[in-house]
Structures are given as structure tokens and as C-alpha cells.
$ cat query.json   # JSON, C-alpha atoms
[["chain", "number", "residue", "atom", "x", "y", "z"],
["A", 19, "MET", "CA", 57.24, 188.12, -83.76],
["A", 20, "LEU", "CA", 54.36, 189.71, -81.92],
["A", 21, "ALA", "CA", 55.66, 191.48, -78.86],
["A", 22, "ASN", "CA", 52.51, 193.34, -77.88],
["A", 23, "GLU", "CA", 49.21, 192.07, -76.58],
["A", 24, "ALA", "CA", 47.47, 194.24, -79.17],
["A", 25, "GLN", "CA", 48.29, 191.97, -82.11],
["A", 26, "THR", "CA", 49.29, 193.40, -85.44],
["A", 27, "LEU", "CA", 50.58, 191.69, -88.54],
["A", 28, "THR", "CA", 51.63, 194.90, -90.26],
["A", 29, "GLY", "CA", 54.83, 194.19, -92.17],
["A", 30, "GLN", "CA", 54.39, 190.42, -91.84],
["A", 31, "VAL", "CA", 54.13, 188.22, -94.96],
["A", 32, "VAL", "CA", 51.49, 185.51, -94.58],
["A", 33, "ALA", "CA", 51.32, 182.82, -97.29],
["A", 34, "ILE", "CA", 48.19, 180.67, -97.47],
["A", 35, "THR", "CA", 47.49, 177.59, -99.57],
["A", 36, "GLY", "CA", 43.84, 176.77, -100.18],
["A", 37, "ALA", "CA", 43.11, 180.49, -99.84],
["A", 38, "SER", "CA", 40.20, 180.59, -102.29],
["A", 39, "SER", "CA", 37.71, 179.00, -99.88],
["A", 40, "GLY", "CA", 37.12, 177.46, -96.48],
["A", 41, "ILE", "CA", 39.57, 177.86, -93.62],
["A", 42, "GLY", "CA", 42.23, 179.38, -95.86],
["A", 43, "GLN", "CA", 39.91, 182.14, -97.05],
["A", 44, "ALA", "CA", 38.64, 182.86, -93.53],
["A", 45, "VAL", "CA", 42.22, 183.20, -92.27],
["A", 46, "ALA", "CA", 43.08, 185.47, -95.20],
["A", 47, "TYR", "CA", 40.32, 187.89, -94.17],
["A", 48, "GLU", "CA", 41.29, 187.79, -90.50],
["A", 49, "ALA", "CA", 45.00, 188.27, -91.22],
["A", 50, "ALA", "CA", 44.14, 191.18, -93.52],
["A", 51, "ARG", "CA", 42.25, 192.84, -90.66],
["A", 52, "GLN", "CA", 45.53, 192.66, -88.74],
["A", 53, "GLY", "CA", 47.39, 194.39, -91.59],
["A", 54, "ALA", "CA", 49.22, 191.40, -93.08],
["A", 55, "THR", "CA", 50.77, 191.29, -96.52],
["A", 56, "LEU", "CA", 49.21, 188.19, -98.05],
["A", 57, "VAL", "CA", 50.36, 185.61, -100.59],
["A", 58, "LEU", "CA", 47.18, 183.86, -101.72],
["A", 59, "MET", "CA", 47.48, 180.42, -103.29],
["A", 60, "ALA", "CA", 44.95, 178.02, -104.82],
["A", 61, "ARG", "CA", 44.08, 176.65, -108.26],
["A", 62, "SER", "CA", 41.43, 179.26, -109.15],
["A", 63, "THR", "CA", 42.99, 182.51, -110.34],
["A", 64, "ASP", "CA", 39.59, 184.20, -110.59],
["A", 65, "LYS", "CA", 38.67, 183.45, -106.97],
["A", 66, "LEU", "CA", 42.11, 184.51, -105.75],
["A", 67, "THR", "CA", 41.95, 187.77, -107.69],
["A", 68, "ALA", "CA", 38.56, 188.65, -106.17],
["A", 69, "LEU", "CA", 39.86, 187.74, -102.70],
["A", 70, "SER", "CA", 43.01, 189.81, -103.18],
["A", 71, "GLN", "CA", 40.93, 192.89, -103.91],
["A", 72, "ASP", "CA", 38.86, 192.36, -100.76],
["A", 73, "VAL", "CA", 41.79, 191.75, -98.42],
["A", 74, "THR", "CA", 43.78, 194.67, -99.80],
["A", 75, "LEU", "CA", 40.92, 196.98, -98.86],
["A", 76, "LEU", "CA", 40.97, 195.51, -95.34],
["A", 77, "SER", "CA", 44.72, 195.52, -94.78],
["A", 78, "GLY", "CA", 45.98, 198.46, -96.80],
["A", 79, "ALA", "CA", 48.85, 196.12, -97.70],
["A", 80, "PRO", "CA", 49.67, 194.20, -100.88],
["A", 81, "ALA", "CA", 48.05, 190.84, -101.61],
["A", 82, "TYR", "CA", 49.76, 188.64, -104.17],
["A", 83, "VAL", "CA", 47.98, 186.00, -106.24],
["A", 84, "VAL", "CA", 49.97, 182.81, -106.88],
["A", 85, "PRO", "CA", 47.98, 180.07, -108.65],
["A", 86, "VAL", "CA", 49.16, 176.56, -107.73],
["A", 87, "ASP", "CA", 47.99, 172.96, -107.75],
["A", 88, "VAL", "CA", 49.32, 171.70, -104.42],
["A", 89, "GLY", "CA", 49.04, 168.13, -105.71],
["A", 90, "SER", "CA", 51.92, 168.77, -108.12],
["A", 91, "ARG", "CA", 55.53, 169.06, -106.95],
["A", 92, "GLU", "CA", 56.47, 170.94, -110.11],
["A", 93, "ALA", "CA", 53.64, 173.43, -109.56],
["A", 94, "ILE", "CA", 54.82, 174.01, -105.99],
["A", 95, "ASP", "CA", 58.37, 174.67, -107.20],
["A", 96, "THR", "CA", 57.01, 177.23, -109.67],
["A", 97, "ALA", "CA", 54.87, 178.84, -106.96],
["A", 98, "VAL", "CA", 57.82, 179.12, -104.56],
["A", 99, "ALA", "CA", 59.91, 180.75, -107.29],
["A", 100, "THR", "CA", 57.08, 183.24, -107.87],
["A", 101, "ILE", "CA", 56.85, 183.96, -104.14],
["A", 102, "GLN", "CA", 60.58, 184.66, -104.01],
["A", 103, "GLU", "CA", 60.16, 187.12, -106.88],
["A", 104, "LYS", "CA", 57.27, 188.95, -105.22],
["A", 105, "VAL", "CA", 58.40, 189.06, -101.56],
["A", 106, "ASP", "CA", 61.77, 188.81, -99.87],
["A", 107, "ARG", "CA", 60.58, 186.36, -97.21],
["A", 108, "VAL", "CA", 57.62, 184.43, -95.78],
["A", 109, "ASP", "CA", 56.99, 184.95, -92.08],
["A", 110, "ILE", "CA", 53.97, 182.67, -91.75],
["A", 111, "LEU", "CA", 52.85, 179.74, -93.91],
["A", 112, "LEU", "CA", 49.37, 178.26, -93.51],
["A", 113, "ASN", "CA", 48.94, 174.97, -95.37],
["A", 114, "ALA", "CA", 45.15, 174.89, -95.68],
["A", 115, "ALA", "CA", 44.78, 173.24, -99.10],
["A", 116, "GLY", "CA", 43.02, 169.91, -98.99],
["A", 117, "PHE", "CA", 39.82, 167.98, -99.55],
["A", 118, "GLY", "CA", 38.01, 164.95, -98.16],
["A", 119, "ASP", "CA", 35.81, 162.13, -99.36],
["A", 120, "PHE", "CA", 33.27, 160.33, -97.19],
["A", 121, "GLU", "CA", 33.08, 156.80, -98.58],
["A", 122, "THR", "CA", 33.81, 153.38, -97.15],
["A", 123, "VAL", "CA", 37.26, 151.85, -97.64],
["A", 124, "LEU", "CA", 35.94, 149.48, -100.30],
["A", 125, "ASP", "CA", 33.79, 152.02, -102.15],
["A", 126, "THR", "CA", 36.32, 154.85, -102.50],
["A", 127, "ASP", "CA", 37.72, 155.27, -106.00],
["A", 128, "TRP", "CA", 41.47, 154.64, -105.92],
["A", 129, "GLU", "CA", 42.25, 157.71, -108.01],
["A", 130, "THR", "CA", 40.47, 159.76, -105.32],
["A", 131, "VAL", "CA", 42.75, 158.18, -102.70],
["A", 132, "ARG", "CA", 45.84, 159.01, -104.74],
["A", 133, "ARG", "CA", 44.74, 162.60, -105.25],
["A", 134, "LEU", "CA", 43.80, 162.95, -101.58],
["A", 135, "PHE", "CA", 47.28, 161.99, -100.40],
["A", 136, "SER", "CA", 48.96, 164.05, -103.14],
["A", 137, "VAL", "CA", 47.17, 167.21, -101.99],
["A", 138, "ASP", "CA", 46.52, 166.79, -98.28],
["A", 139, "VAL", "CA", 49.76, 165.03, -97.33],
["A", 140, "LEU", "CA", 52.51, 165.34, -99.93],
["A", 141, "GLY", "CA", 51.51, 168.88, -100.89],
["A", 142, "THR", "CA", 51.58, 169.99, -97.26],
["A", 143, "MET", "CA", 54.92, 168.27, -96.68],
["A", 144, "TYR", "CA", 56.60, 169.65, -99.77],
["A", 145, "PHE", "CA", 55.33, 173.21, -99.33],
["A", 146, "SER", "CA", 56.49, 173.11, -95.71],
["A", 147, "ARG", "CA", 59.90, 171.88, -96.82],
["A", 148, "ARG", "CA", 60.37, 174.57, -99.44],
["A", 149, "ILE", "CA", 59.22, 177.48, -97.27],
["A", 150, "ALA", "CA", 61.08, 176.14, -94.21],
["A", 151, "SER", "CA", 64.30, 176.49, -96.19],
["A", 152, "MET", "CA", 63.56, 180.19, -96.64],
["A", 153, "MET", "CA", 62.70, 180.57, -92.96],
["A", 154, "ILE", "CA", 65.87, 178.82, -91.83],
["A", 155, "ASP", "CA", 67.95, 181.39, -93.67],
["A", 156, "ALA", "CA", 66.10, 184.10, -91.74],
["A", 157, "HIS", "CA", 66.11, 182.16, -88.42],
["A", 158, "TYR", "CA", 62.48, 183.16, -88.11],
["A", 159, "GLY", "CA", 59.00, 181.99, -89.06],
["A", 160, "HIS", "CA", 55.90, 179.95, -88.33],
["A", 161, "ILE", "CA", 54.39, 177.03, -90.26],
["A", 162, "LEU", "CA", 50.80, 176.00, -89.53],
["A", 163, "ASN", "CA", 49.39, 172.82, -91.06],
["A", 164, "VAL", "CA", 45.68, 172.06, -91.17],
["A", 165, "GLY", "CA", 45.10, 168.55, -89.87],
["A", 166, "SER", "CA", 41.75, 167.43, -88.52],
["A", 167, "MET", "CA", 40.08, 165.78, -85.56],
["A", 168, "ALA", "CA", 39.63, 162.94, -88.06],
["A", 169, "GLY", "CA", 43.36, 162.33, -87.65],
["A", 170, "LYS", "CA", 42.82, 161.76, -83.93],
["A", 171, "LEU", "CA", 39.35, 160.20, -83.73],
["A", 172, "PRO", "CA", 38.33, 157.43, -86.15],
["A", 173, "THR", "CA", 34.84, 157.46, -87.64],
["A", 174, "PRO", "CA", 33.31, 155.30, -90.37],
["A", 175, "LYS", "CA", 33.58, 156.48, -94.00],
["A", 176, "SER", "CA", 36.72, 158.53, -93.35],
["A", 177, "ALA", "CA", 39.55, 155.96, -93.41],
["A", 178, "TYR", "CA", 41.64, 157.57, -96.14],
["A", 179, "TYR", "CA", 40.97, 161.13, -95.02],
["A", 180, "SER", "CA", 41.71, 160.19, -91.40],
["A", 181, "ALA", "CA", 44.95, 158.50, -92.44],
["A", 182, "ALA", "CA", 45.96, 161.56, -94.44],
["A", 183, "LYS", "CA", 45.31, 163.96, -91.58],
["A", 184, "ALA", "CA", 47.04, 161.68, -89.07],
["A", 185, "ALA", "CA", 50.07, 161.87, -91.34],
["A", 186, "VAL", "CA", 49.88, 165.68, -91.38],
["A", 187, "ILE", "CA", 49.70, 165.79, -87.58],
["A", 188, "GLN", "CA", 52.69, 163.51, -87.06],
["A", 189, "PHE", "CA", 54.68, 165.28, -89.79],
["A", 190, "SER", "CA", 54.03, 168.56, -87.99],
["A", 191, "ASN", "CA", 55.18, 167.05, -84.70],
["A", 192, "VAL", "CA", 58.54, 166.02, -86.15],
["A", 193, "LEU", "CA", 58.93, 169.23, -88.17],
["A", 194, "ARG", "CA", 58.41, 171.21, -84.96],
["A", 195, "LEU", "CA", 61.34, 169.42, -83.32],
["A", 196, "GLU", "CA", 63.63, 169.85, -86.31],
["A", 197, "LEU", "CA", 62.90, 173.55, -86.82],
["A", 198, "LYS", "CA", 62.90, 174.62, -83.17],
["A", 199, "PRO", "CA", 66.69, 175.22, -83.10],
["A", 200, "PHE", "CA", 66.19, 177.73, -85.93],
["A", 201, "GLY", "CA", 63.56, 179.77, -84.08],
["A", 202, "ILE", "CA", 60.72, 178.51, -86.27],
["A", 203, "ASN", "CA", 57.35, 177.51, -84.76],
["A", 204, "VAL", "CA", 55.20, 174.69, -86.14],
["A", 205, "THR", "CA", 51.52, 174.27, -85.27],
["A", 206, "SER", "CA", 48.98, 171.65, -86.31],
["A", 207, "ILE", "CA", 45.36, 172.80, -86.55],
["A", 208, "ASN", "CA", 42.90, 169.99, -85.86],
["A", 209, "PRO", "CA", 39.28, 171.10, -86.19],
["A", 210, "GLY", "CA", 36.17, 169.03, -86.13],
["A", 211, "PRO", "CA", 33.49, 169.86, -88.73],
["A", 212, "VAL", "CA", 33.81, 173.44, -89.97],
["A", 213, "ALA", "CA", 30.87, 175.05, -91.80],
["A", 214, "THR", "CA", 32.60, 175.52, -95.17],
["A", 215, "ASN", "CA", 32.20, 174.26, -98.74],
["A", 216, "PHE", "CA", 34.59, 171.40, -97.86],
["A", 217, "PHE", "CA", 31.50, 169.26, -97.42],
["A", 218, "ASN", "CA", 30.22, 170.03, -100.91],
["A", 219, "ILE", "CA", 32.81, 167.50, -102.10],
["A", 220, "ALA", "CA", 33.31, 165.29, -99.05],
["A", 221, "ASP", "CA", 29.66, 164.67, -98.13],
["A", 222, "LYS", "CA", 27.68, 163.20, -100.99],
["A", 223, "THR", "CA", 24.53, 162.90, -98.87],
["A", 224, "GLY", "CA", 24.34, 166.62, -98.13],
["A", 225, "HIS", "CA", 23.20, 165.92, -94.56],
["A", 226, "TYR", "CA", 26.41, 165.60, -92.54],
["A", 227, "LEU", "CA", 26.62, 169.19, -91.28],
["A", 228, "ASP", "CA", 23.00, 169.03, -90.16],
["A", 229, "ASN", "CA", 23.68, 165.76, -88.33],
["A", 230, "VAL", "CA", 26.67, 167.21, -86.44],
["A", 231, "ALA", "CA", 25.33, 170.72, -85.91],
["A", 232, "ALA", "CA", 26.13, 170.56, -82.20],
["A", 233, "PHE", "CA", 29.84, 170.18, -83.01],
["A", 234, "THR", "CA", 30.11, 172.47, -86.04],
["A", 235, "ILE", "CA", 32.68, 175.28, -85.93],
["A", 236, "ASP", "CA", 32.20, 178.71, -87.47],
["A", 237, "PRO", "CA", 35.11, 179.36, -89.87],
["A", 238, "GLY", "CA", 35.41, 182.98, -88.76],
["A", 239, "ASP", "CA", 35.81, 181.95, -85.13],
["A", 240, "LEU", "CA", 38.41, 179.34, -86.04],
["A", 241, "ALA", "CA", 40.27, 181.91, -88.16],
["A", 242, "LYS", "CA", 40.53, 184.26, -85.19],
["A", 243, "THR", "CA", 42.05, 181.49, -83.09],
["A", 244, "ILE", "CA", 44.52, 180.60, -85.83],
["A", 245, "VAL", "CA", 45.64, 184.19, -86.45],
["A", 246, "HIS", "CA", 45.98, 184.78, -82.70],
["A", 247, "ALA", "CA", 48.49, 181.89, -82.67],
["A", 248, "PHE", "CA", 50.68, 183.45, -85.37],
["A", 249, "GLY", "CA", 54.21, 183.92, -84.08],
["A", 250, "ARG", "CA", 53.52, 182.06, -80.86],
["A", 251, "PRO", "CA", 54.82, 178.60, -79.80],
["A", 252, "VAL", "CA", 51.42, 176.92, -80.00],
["A", 253, "ARG", "CA", 51.80, 173.19, -80.49],
["A", 254, "GLU", "CA", 48.24, 172.39, -81.55],
["A", 255, "ILE", "CA", 44.87, 174.05, -82.04],
["A", 256, "ASN", "CA", 42.14, 171.50, -81.31],
["A", 257, "ALA", "CA", 38.43, 172.33, -81.62],
["A", 258, "PRO", "CA", 35.68, 172.02, -80.59],
["A", 259, "THR", "CA", 36.53, 171.41, -76.93],
["A", 260, "ILE", "CA", 34.36, 168.31, -76.57],
["A", 261, "MET", "CA", 36.13, 166.61, -79.47],
["A", 262, "ALA", "CA", 39.53, 167.71, -78.18],
["A", 263, "ILE", "CA", 38.75, 166.03, -74.86],
["A", 264, "ALA", "CA", 37.45, 162.93, -76.63],
["A", 265, "SER", "CA", 40.67, 162.68, -78.66],
["A", 266, "LYS", "CA", 42.68, 162.51, -75.42],
["A", 267, "LEU", "CA", 40.37, 159.95, -73.80],
["A", 268, "TYR", "CA", 40.05, 157.65, -76.82],
["A", 269, "PRO", "CA", 43.57, 156.11, -76.60],
["A", 270, "LEU", "CA", 43.02, 155.42, -72.90],
["A", 271, "ALA", "CA", 39.89, 153.32, -73.50],
["A", 272, "PRO", "CA", 39.71, 152.46, -77.22],
["A", 273, "THR", "CA", 37.15, 149.67, -76.89],
["A", 274, "ILE", "CA", 34.69, 151.97, -75.16],
["A", 275, "GLY", "CA", 35.69, 154.71, -77.60],
["A", 276, "ASP", "CA", 34.81, 152.51, -80.57],
["A", 277, "ARG", "CA", 31.35, 151.86, -79.12],
["A", 278, "ILE", "CA", 30.74, 155.57, -78.58],
["A", 279, "VAL", "CA", 31.95, 156.41, -82.08],
["A", 280, "MET", "CA", 29.61, 153.83, -83.62],
["A", 281, "LEU", "CA", 26.74, 155.18, -81.54],
["A", 282, "PHE", "CA", 27.27, 158.94, -81.92],
["A", 283, "GLY", "CA", 30.00, 159.42, -84.53],
["A", 284, "ASN", "CA", 28.54, 157.47, -87.44],
["A", 285, "GLN", "CA", 26.80, 160.49, -89.02],
["A", 286, "LYS", "CA", 28.17, 160.46, -92.59]]

$ encode --input "query.json" --output "C-alpha cells"
Amino acid sequence: MLANEAQTLTGQVVAITGASSGIGQAVAYEAARQGATLVLMARSTDKLTALSQDVTLLSGAPAYVVPVDVGSREAIDTAVATIQEKVDRVDILLNAAGFGDFETVLDTDWETVRRLFSVDVLGTMYFSRRIASMMIDAHYGHILNVGSMAGKLPTPKSAYYSAAKAAVIQFSNVLRLELKPFGINVTSINPGPVATNFFNIADKTGHYLDNVAAFTIDPGDLAKTIVHAFGRPVREINAPTIMAIASKLYPLAPTIGDRIVMLFGNQK
């Protein structure tokens, strides 16, 4: 896809779920700087419209607004039909839609659990499935799914979110194998805490980002790493480095890992 070291996304169609905020929005801005044609998806039409105006000024290319609730299969089907009307293909899909909830297993409302898996897991899976079908016809494309370090490293008050992101990571691993014969790349993105409004919902205490400031990732920096991976056979993006290393060591010594997590990782 990207033959030159000087990366450009001019002429490439980049579709992003969860584009109205957080990682999705940061990637939209960075991809626009590279000249991408963007398909922006989220529930808020107003936020998407404002974003589309900004990114169009940056890219000089079209930016299409496609409202969708990723927690609904029917809404995804409608969104995919709209995408097919607006553009003839999708070169890159970033599944960034999702939310978290920092509660204990026993305290988490079950409707929150159901919604969490509908959006973070089933929405990611179904969107990947629908867009992969388009990419297979073209024998070309790249799907990137936002997982989390929470899917690799367990911490208290994140059981359901961790389980959801672990599912996304493993789904991406299998999807990568199945789509490789068709020339399609699949990447899982597994960040630690990113300084976005994600924590406005997930963290009811309002103190988590302050408690983990040493590990917090700037969304703009993460977006640059993600966009740099577009079109390349990158298996995973894991950040920050210290958490990436910890995720590899944890399975080797889980008892010690549990003690360390309870000592340093219980910050919610």
C-alpha cells in the first residue's frame, strides 16, 4: 500500500468507528494530515460533522459522515450500505468504538456488561466481518482493532472490560490468519491508559489518570504510531513500553505478577 518511506495516504479510504472522540478522533486528524479520504463513524452526527470539516481542511480530500451505533447489528448493516454508496472501497478500517467501566465484578450493573460486550466485542467483530468481505473482493486492505493492555494484564475493577479486550485481541489474531491469503493485514492496538475522555465514563472516581500519570499515553503520539502502521504487516501495537514488557513477563511468573499488580496496579 505504502511503497515509499515518505508516507502518504492520498487516495486511500480510511474508515474509523468511534471517530467522534478519543483514539478514533486522534487517528482521524493524523490520517487527514497524510491526505486520506475519511469515513467517520460514531453515534453523534453533530460531532462527526464538526470533525469532518476540520479534517477536510487538513487533507484536501472528502470526509464522509456515517452515524452508527456499533452496538446494533442492524445499524452496522445500514452503515456499511451507506459506505458502499459513498465510496467504492475501504482500504483501512480502524475499529476504535468502545467504552469501559471500572467497577468490581459484583458491583457492575449487568446491563452495562451487556452493552460493553455488544459495542467493544460484537461490534468490532461484525464491522470487521462486513468490511473484510469488501476487502477480500479487492484482495487488499488493513483492519486495525483497538484492544487494550487490560486484555493482557489483569487489574482489579476491570474484569468485564479486560475480558472484552482479551476477546478483541484473540479475534484479531485469528482474523489475521484467515485474511492473510487475501493480502489483508490485521493489527491489534493494545494501549495502556490514554489521556482521552474514555475515563469520563470508565472512572467514576475521577482520579485514575492522575494515579497512573507515569504510564499515560498522549493520544496524538499513539495516533502517529497507528497511522504509520497503515498498510504494513504489523501484528500488534503495544504501549507504553513498560506495560508491553510486563504483559510478556506476566504469563511466565503469574503469582509474582499478581502481587505486583495488587501493589502497583490497583489504582482505580

$ atom_distance --input "query.json" --atom1 "atom CA of Met143 of chain A" --atom2 "atom CA of Met59 of chain A"
15.7 Å

$ residues_around --input "query.json" --residues "Val108 of chain A" --least-positions-apart "3" --cutoff "10 Å" --atoms "all atoms listed in the file" --output "number ranges by chain"
A: 30-33, 55-57, 101-102, 105, 111, 149-150, 152-153, 156, 158-161

$ residues_around --input "query.json" --residues "Asn256 of chain A" --least-positions-apart "5" --cutoff "12 Å" --atoms "only C-alpha atoms" --output "CSV table (one decimal) with C-alpha atoms, keeping the file's coordinate frame"
chain,number,residue,atom,x,y,z
A,164,VAL,CA,45.7,172.1,-91.2
A,165,GLY,CA,45.1,168.6,-89.9
A,166,SER,CA,41.8,167.4,-88.5
A,167,MET,CA,40.1,165.8,-85.6
A,168,ALA,CA,39.6,162.9,-88.1
A,169,GLY,CA,43.4,162.3,-87.6
A,170,LYS,CA,42.8,161.8,-83.9
A,171,LEU,CA,39.4,160.2,-83.7
A,187,ILE,CA,49.7,165.8,-87.6
A,205,THR,CA,51.5,174.3,-85.3
A,206,SER,CA,49.0,171.6,-86.3
A,207,ILE,CA,45.4,172.8,-86.6
A,208,ASN,CA,42.9,170.0,-85.9
A,209,PRO,CA,39.3,171.1,-86.2
A,210,GLY,CA,36.2,169.0,-86.1
A,211,PRO,CA,33.5,169.9,-88.7
A,235,ILE,CA,32.7,175.3,-85.9
A,240,LEU,CA,38.4,179.3,-86.0
A,243,THR,CA,42.0,181.5,-83.1
A,244,ILE,CA,44.5,180.6,-85.8
A,261,MET,CA,36.1,166.6,-79.5
A,262,ALA,CA,39.5,167.7,-78.2
A,263,ILE,CA,38.8,166.0,-74.9
A,264,ALA,CA,37.4,162.9,-76.6
A,265,SER,CA,40.7,162.7,-78.7
A,266,LYS,CA,42.7,162.5,-75.4

$ atom_distance --input "query.json" --atom1 "atom CA of Lys175 of chain A" --atom2 "atom CA of Val123 of chain A"
6.9 Å

$ closest_residue --input "query.json" --among "A:Thr28, A:Val84, A:Arg253, A:Ser90" --to "Gln188 of chain A" --atoms "all atoms listed in the file"
A:Arg253

$ closest_residue --input "query.json" --among "A:Ile202, A:Ile94, A:Ala68, A:Leu140" --to "Ala182 of chain A" --atoms "only C-alpha atoms"
A:Leu140

$ residues_around --input "query.json" --residues "segment 277-281 of chain A" --least-positions-apart "3" --cutoff "10 Å" --atoms "only C-alpha atoms" --output "ChimeraX atom specification"
/A:171-174,268,272-274,284-285

$ closest_residue --input "query.json" --among "A:Val204, A:Thr100, A:Ala213, A:Ile34" --to "Ile255 of chain A" --atoms "all atoms listed in the file"
A:Val204

$ atom_distance --input "query.json" --atom1 "atom CA of Val245 of chain A" --atom2 "atom CA of Ser39 of chain A"
16.4 Å

$ closest_residue --input "query.json" --among "A:His246, A:Lys183, A:Arg147, A:Arg132" --to "Leu197 of chain A" --atoms "all atoms listed in the file"
A:Arg147

$ closest_residue --input "query.json" --among "A:Ile110, A:Ala44, A:Val192, A:Leu27" --to "Ala241 of chain A" --atoms "only C-alpha atoms"
A:Ala44

$ axis_aligned_box --input "query.json" --around "segment 178-182 of chain A" --padding-each-side "3 Å" --output "lines of an AutoDock Vina configuration file"
center_x = 43.5
center_y = 159.6
center_z = -93.8
size_x = 11.0
size_y = 10.0
size_z = 10.7

$ closest_residue --input "query.json" --among "A:Ile260, A:Leu134, A:Leu195, A:Val212" --to "Ala177 of chain A" --atoms "only C-alpha atoms"
A:Leu134

$ residues_near_point --input "query.json" --point "(49.4, 189.3, -102.3)" --cutoff "6 Å" --atoms "all atoms listed in the file" --output "list in words"
Leu56, Val57, Leu58, Pro80, Ala81, Tyr82 and Val83 of chain A

$ decode --input "query.json" --residues "segment 73-80 of chain A" --atoms "all heavy atoms" --output "PDB file, in the first residue's frame"
ATOM      1  N   VAL A  73     -11.096  17.907   9.304  1.00  0.00           N
ATOM      2  CA  VAL A  73     -10.172  17.001   8.608  1.00  0.00           C
ATOM      3  C   VAL A  73     -10.135  17.281   7.105  1.00  0.00           C
ATOM      4  O   VAL A  73      -9.104  17.075   6.454  1.00  0.00           O
ATOM      5  CB  VAL A  73     -10.506  15.523   8.878  1.00  0.00           C
ATOM      6  CG1 VAL A  73     -10.320  15.198  10.352  1.00  0.00           C
ATOM      7  CG2 VAL A  73     -11.905  15.154   8.409  1.00  0.00           C
ATOM      8  N   THR A  74     -11.225  17.770   6.567  1.00  0.00           N
ATOM      9  CA  THR A  74     -11.236  18.120   5.150  1.00  0.00           C
ATOM     10  C   THR A  74     -10.269  19.265   4.869  1.00  0.00           C
ATOM     11  O   THR A  74      -9.565  19.278   3.852  1.00  0.00           O
ATOM     12  CB  THR A  74     -12.654  18.495   4.690  1.00  0.00           C
ATOM     13  OG1 THR A  74     -13.506  17.357   4.825  1.00  0.00           O
ATOM     14  CG2 THR A  74     -12.666  18.926   3.229  1.00  0.00           C
ATOM     15  N   LEU A  75     -10.211  20.230   5.797  1.00  0.00           N
ATOM     16  CA  LEU A  75      -9.261  21.330   5.650  1.00  0.00           C
ATOM     17  C   LEU A  75      -7.823  20.819   5.707  1.00  0.00           C
ATOM     18  O   LEU A  75      -6.940  21.329   5.008  1.00  0.00           O
ATOM     19  CB  LEU A  75      -9.490  22.366   6.749  1.00  0.00           C
ATOM     20  CG  LEU A  75     -10.785  23.189   6.651  1.00  0.00           C
ATOM     21  CD1 LEU A  75     -10.940  24.075   7.881  1.00  0.00           C
ATOM     22  CD2 LEU A  75     -10.800  24.028   5.382  1.00  0.00           C
ATOM     23  N   LEU A  76      -7.589  19.797   6.531  1.00  0.00           N
ATOM     24  CA  LEU A  76      -6.242  19.239   6.661  1.00  0.00           C
ATOM     25  C   LEU A  76      -5.841  18.406   5.449  1.00  0.00           C
ATOM     26  O   LEU A  76      -4.707  18.473   4.981  1.00  0.00           O
ATOM     27  CB  LEU A  76      -6.157  18.358   7.918  1.00  0.00           C
ATOM     28  CG  LEU A  76      -6.032  19.052   9.261  1.00  0.00           C
ATOM     29  CD1 LEU A  76      -6.120  18.030  10.387  1.00  0.00           C
ATOM     30  CD2 LEU A  76      -4.718  19.814   9.357  1.00  0.00           C
ATOM     31  N   SER A  77      -6.778  17.600   4.959  1.00  0.00           N
ATOM     32  CA  SER A  77      -6.439  16.613   3.926  1.00  0.00           C
ATOM     33  C   SER A  77      -6.629  17.120   2.509  1.00  0.00           C
ATOM     34  O   SER A  77      -5.953  16.660   1.581  1.00  0.00           O
ATOM     35  CB  SER A  77      -7.293  15.357   4.119  1.00  0.00           C
ATOM     36  OG  SER A  77      -8.668  15.644   3.868  1.00  0.00           O
ATOM     37  N   GLY A  78      -7.583  18.036   2.331  1.00  0.00           N
ATOM     38  CA  GLY A  78      -7.961  18.419   0.976  1.00  0.00           C
ATOM     39  C   GLY A  78      -8.724  17.325   0.265  1.00  0.00           C
ATOM     40  O   GLY A  78      -8.918  17.362  -0.953  1.00  0.00           O
ATOM     41  N   ALA A  79      -9.164  16.320   1.028  1.00  0.00           N
ATOM     42  CA  ALA A  79      -9.902  15.175   0.483  1.00  0.00           C
ATOM     43  C   ALA A  79     -11.269  15.098   1.156  1.00  0.00           C
ATOM     44  O   ALA A  79     -11.483  15.692   2.219  1.00  0.00           O
ATOM     45  CB  ALA A  79      -9.115  13.885   0.723  1.00  0.00           C
ATOM     46  N   PRO A  80     -12.201  14.354   0.568  1.00  0.00           N
ATOM     47  CA  PRO A  80     -13.529  14.244   1.179  1.00  0.00           C
ATOM     48  C   PRO A  80     -13.480  13.554   2.539  1.00  0.00           C
ATOM     49  O   PRO A  80     -12.596  12.744   2.816  1.00  0.00           O
ATOM     50  CB  PRO A  80     -14.305  13.390   0.172  1.00  0.00           C
ATOM     51  CG  PRO A  80     -13.549  13.481  -1.102  1.00  0.00           C
ATOM     52  CD  PRO A  80     -12.112  13.647  -0.724  1.00  0.00           C
TER      53      PRO A  80
END
